[in-house]
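The structure appears right after this line, and notes come after that.
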Amino acid sequence: MSFFLPQLFAVLAFATCGGYSGQIMVKVECFDKTQNNISISFNYPFRLQQVHFSAPLCEGTRKETLFLEGDYASSAQFFVTVAVLAFLYSLLATIVYFFYQNKYREKNRGPVVDFLVTLVFSSLWLVSSIAWAKTLSGVKTVTDVHQILLLMSACRAQENLCEVLQEPIWTNLNMSVAFGFLNFFLWAGNIWFAYKETGLHKSIQRYPSRTPSEKRDSFRQYSQTSFDQSAAGFGQRLYNQGSFDLSSGGFSLPQTNLGQPMLYQQVGSPTSRGPLIFVNEM
């Protein structure tokens, strides 16, 4: 299989997801003209329930502490783990393939292992990419600036003014999802090439399976041949009968394996010759 592209796209997948950091900035202006800037930061692995910030109540110096909701670490970490393992395996396979070719080809173990691992990683990339795409949608919902403003009591009051100064940039996370599905298509496309390396398709072509119609035709041909051979043997036995010897005046029976024949002659004058009878001795 091609090892360099999986390494490249695996690095891009876990770099764009694992290295993400987002920030939200909101300015709160109370009715008494006091202003406060609020900064909310979150990053991988997106345990948002641990993210908290302080917001003014616009009641003197009083403030409230607010927490975001949701724990999205499992899907994000699963996605990054698959990317890291895929990168490490591709790197190891590259080393083995180029520097230990004899070991790789020994008893066909290397190609078979590579084929099975390719199947596994294709499935892992598909599952992890779908899970991460769904998780990213949840992260975007929780960190939406409108949801953040609704959490703060000061922003729910009409006499106060709240303004969003900075929103999170989702480009890297969107690219991580795209790289995840790209890795799936890349590994799934390598399944056929890894399968050809095993040589299993050659053994299947050497012993092709026959269709039911071919089996019926073969059976009919075999039955017809057997019938013709039986008929020929039967006719040959049917006409292989005893015959008269007109020159000697005798009659002979067909030869059998029942025993040694004994000769009996008719008693009479030497000049007269009667029929010869062969009797098999049991």
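We name chains A, B, ... following the order of the structure tokens; residues begin at 1 in each chain, and ligands are numbered from 1 as shown.
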Counting only C-alpha atoms, which residues of segment 94-190 of chain A fall within 9 Å of segment 5-22 of chain A, and what is the closest atom pair for each with its distance in Å at one decimal, ordered by chain and rising number, as JSON lines?
{"residue": "A:Glu167", "atom": "CA", "partner": "A:Gly22", "partner_atom": "CA", "distance": 8.2}
{"residue": "A:Pro168", "atom": "CA", "partner": "A:Gly22", "partner_atom": "CA", "distance": 5.1}
{"residue": "A:Ile169", "atom": "CA", "partner": "A:Gly22", "partner_atom": "CA", "distance": 6.7}
{"residue": "A:Trp170", "atom": "CA", "partner": "A:Gly22", "partner_atom": "CA", "distance": 8.2}
{"residue": "A:Thr171", "atom": "CA", "partner": "A:Thr16", "partner_atom": "CA", "distance": 9.0}
{"residue": "A:Asn172", "atom": "CA", "partner": "A:Thr16", "partner_atom": "CA", "distance": 5.2}
{"residue": "A:Leu173", "atom": "CA", "partner": "A:Cys17", "partner_atom": "CA", "distance": 5.7}
{"residue": "A:Asn174", "atom": "CA", "partner": "A:Thr16", "partner_atom": "CA", "distance": 8.7}
{"residue": "A:Met175", "atom": "CA", "partner": "A:Thr16", "partner_atom": "CA", "distance": 6.9}
{"residue": "A:Ser176", "atom": "CA", "partner": "A:Ala13", "partner_atom": "CA", "distance": 4.9}
{"residue": "A:Val177", "atom": "CA", "partner": "A:Ala13", "partner_atom": "CA", "distance": 7.6}
{"residue": "A:Ala178", "atom": "CA", "partner": "A:Ala13", "partner_atom": "CA", "distance": 8.3}
{"residue": "A:Phe179", "atom": "CA", "partner": "A:Ala13", "partner_atom": "CA", "distance": 5.3}
{"residue": "A:Gly180", "atom": "CA", "partner": "A:Ala13", "partner_atom": "CA", "distance": 6.1}
{"residue": "A:Leu182", "atom": "CA", "partner": "A:Phe9", "partner_atom": "CA", "distance": 7.7}
{"residue": "A:Asn183", "atom": "CA", "partner": "A:Phe9", "partner_atom": "CA", "distance": 6.4}
{"residue": "A:Leu186", "atom": "CA", "partner": "A:Pro6", "partner_atom": "CA", "distance": 7.1}
{"residue": "A:Trp187", "atom": "CA", "partner": "A:Pro6", "partner_atom": "CA", "distance": 7.4}
Determine the nearest neighbour of Asp71 of chain A from the options A:Ala93, A:Val142, A:Val117, A:Ala133, counting only C-alpha atoms.
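Smallest distance to Asp71 of chain A is found for A:Val142.
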From the set A:Trp125, A:Ala131, A:Ala157, A:Tyr104, which residue has the shortest atom-to-atom contact distance to Glu197 of chain A, counting only C-alpha atoms?
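Closest to Glu197 of chain A, using only C-alpha atoms: A:Tyr104.
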Surrounding residues of segment 153-155 of chain A excluding itself and chain neighbours under 5 positions, 9 Å, only C-alpha atoms, as a PyMOL selection string
chain A and resi 28-30+55-59+64+160-162
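In this comparison, which uses only C-alpha atoms, the residue of A:Leu165, A:Ile148, A:Leu116, A:Gln158 approaching Asn190 of chain A most closely is A:Leu116.
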Which of these, A:Ser54, A:Thr135, A:Thr198, A:Ser129, has the shortest distance to Ala73 of chain A once you count only C-alpha atoms?
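Closest to Ala73 of chain A of all the choices is A:Thr135.
Shortest separation to Tyr89 of chain A among A:Thr141, A:Asn108, A:Thr118, A:Gln101 occurs at residue A:Thr118, atoms counted being only C-alpha atoms.
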Closest of A:Gln35, A:Gln77, A:Ser41, A:Ser123 to Phe185 of chain A - atom-to-atom distances counting only C-alpha atoms:
A:Ser123
Identify, on the basis of only C-alpha atoms, every residue whose closest approach to Ser128 of chain A does not exceed 8 Å; exclude the query and any residue fewer than 5 positions from it along the same chain; express the result as a ChimeraX atom specification.
/A:75,78-79,82,180
With all heavy atoms retained, could you export that selection as a short mmCIF file (atom, residue, chain, number, x, y, z; two decimals), in the first residue's frame?
data_model
loop_
_atom_site.label_atom_id
_atom_site.label_comp_id
_atom_site.auth_asym_id
_atom_site.auth_seq_id
_atom_site.Cartn_x
_atom_site.Cartn_y
_atom_site.Cartn_z
N SER A 75 -15.29 11.61 22.09
CA SER A 75 -15.24 11.55 20.62
C SER A 75 -14.01 12.25 20.07
O SER A 75 -13.37 11.76 19.12
CB SER A 75 -16.50 12.16 20.03
OG SER A 75 -17.66 11.45 20.41
N PHE A 78 -10.98 10.05 20.81
CA PHE A 78 -11.02 8.87 19.95
C PHE A 78 -10.54 9.20 18.54
O PHE A 78 -9.76 8.45 17.93
CB PHE A 78 -12.44 8.31 19.92
CG PHE A 78 -12.63 7.13 19.02
CD1 PHE A 78 -11.80 6.03 19.10
CD2 PHE A 78 -13.64 7.12 18.07
CE1 PHE A 78 -11.97 4.93 18.27
CE2 PHE A 78 -13.83 6.04 17.23
CZ PHE A 78 -12.98 4.95 17.33
N PHE A 79 -10.98 10.32 18.02
CA PHE A 79 -10.55 10.74 16.69
C PHE A 79 -9.04 10.98 16.63
O PHE A 79 -8.36 10.52 15.71
CB PHE A 79 -11.31 12.01 16.30
CG PHE A 79 -10.97 12.55 14.94
CD1 PHE A 79 -11.52 12.00 13.80
CD2 PHE A 79 -10.09 13.62 14.82
CE1 PHE A 79 -11.21 12.51 12.55
CE2 PHE A 79 -9.78 14.13 13.57
CZ PHE A 79 -10.33 13.57 12.43
N VAL A 82 -7.06 7.61 16.89
CA VAL A 82 -7.04 6.89 15.62
C VAL A 82 -6.02 7.52 14.66
O VAL A 82 -5.27 6.82 13.98
CB VAL A 82 -8.44 6.87 14.98
CG1 VAL A 82 -8.39 6.31 13.56
CG2 VAL A 82 -9.39 6.03 15.82
N GLY A 180 -10.55 13.64 8.28
CA GLY A 180 -10.96 12.33 8.78
C GLY A 180 -11.63 11.49 7.71
O GLY A 180 -11.28 10.31 7.51
#
Please compute the atom CA of Phe4 of chain A-atom CA of Phe184 of chain A distance, one decimal, in Å.
14.8 Å
Between atom CA of Tyr100 of chain A and atom CA of Val120 of chain A, what is the spacing in Å?
23.2 Å
Filtered DSSP result for segment 95-205 of chain A, state alpha helix (DSSP H), as a ChimeraX atom specification
/A:95-99,101-105,109-142,145-151,153-156,171-198,200-205
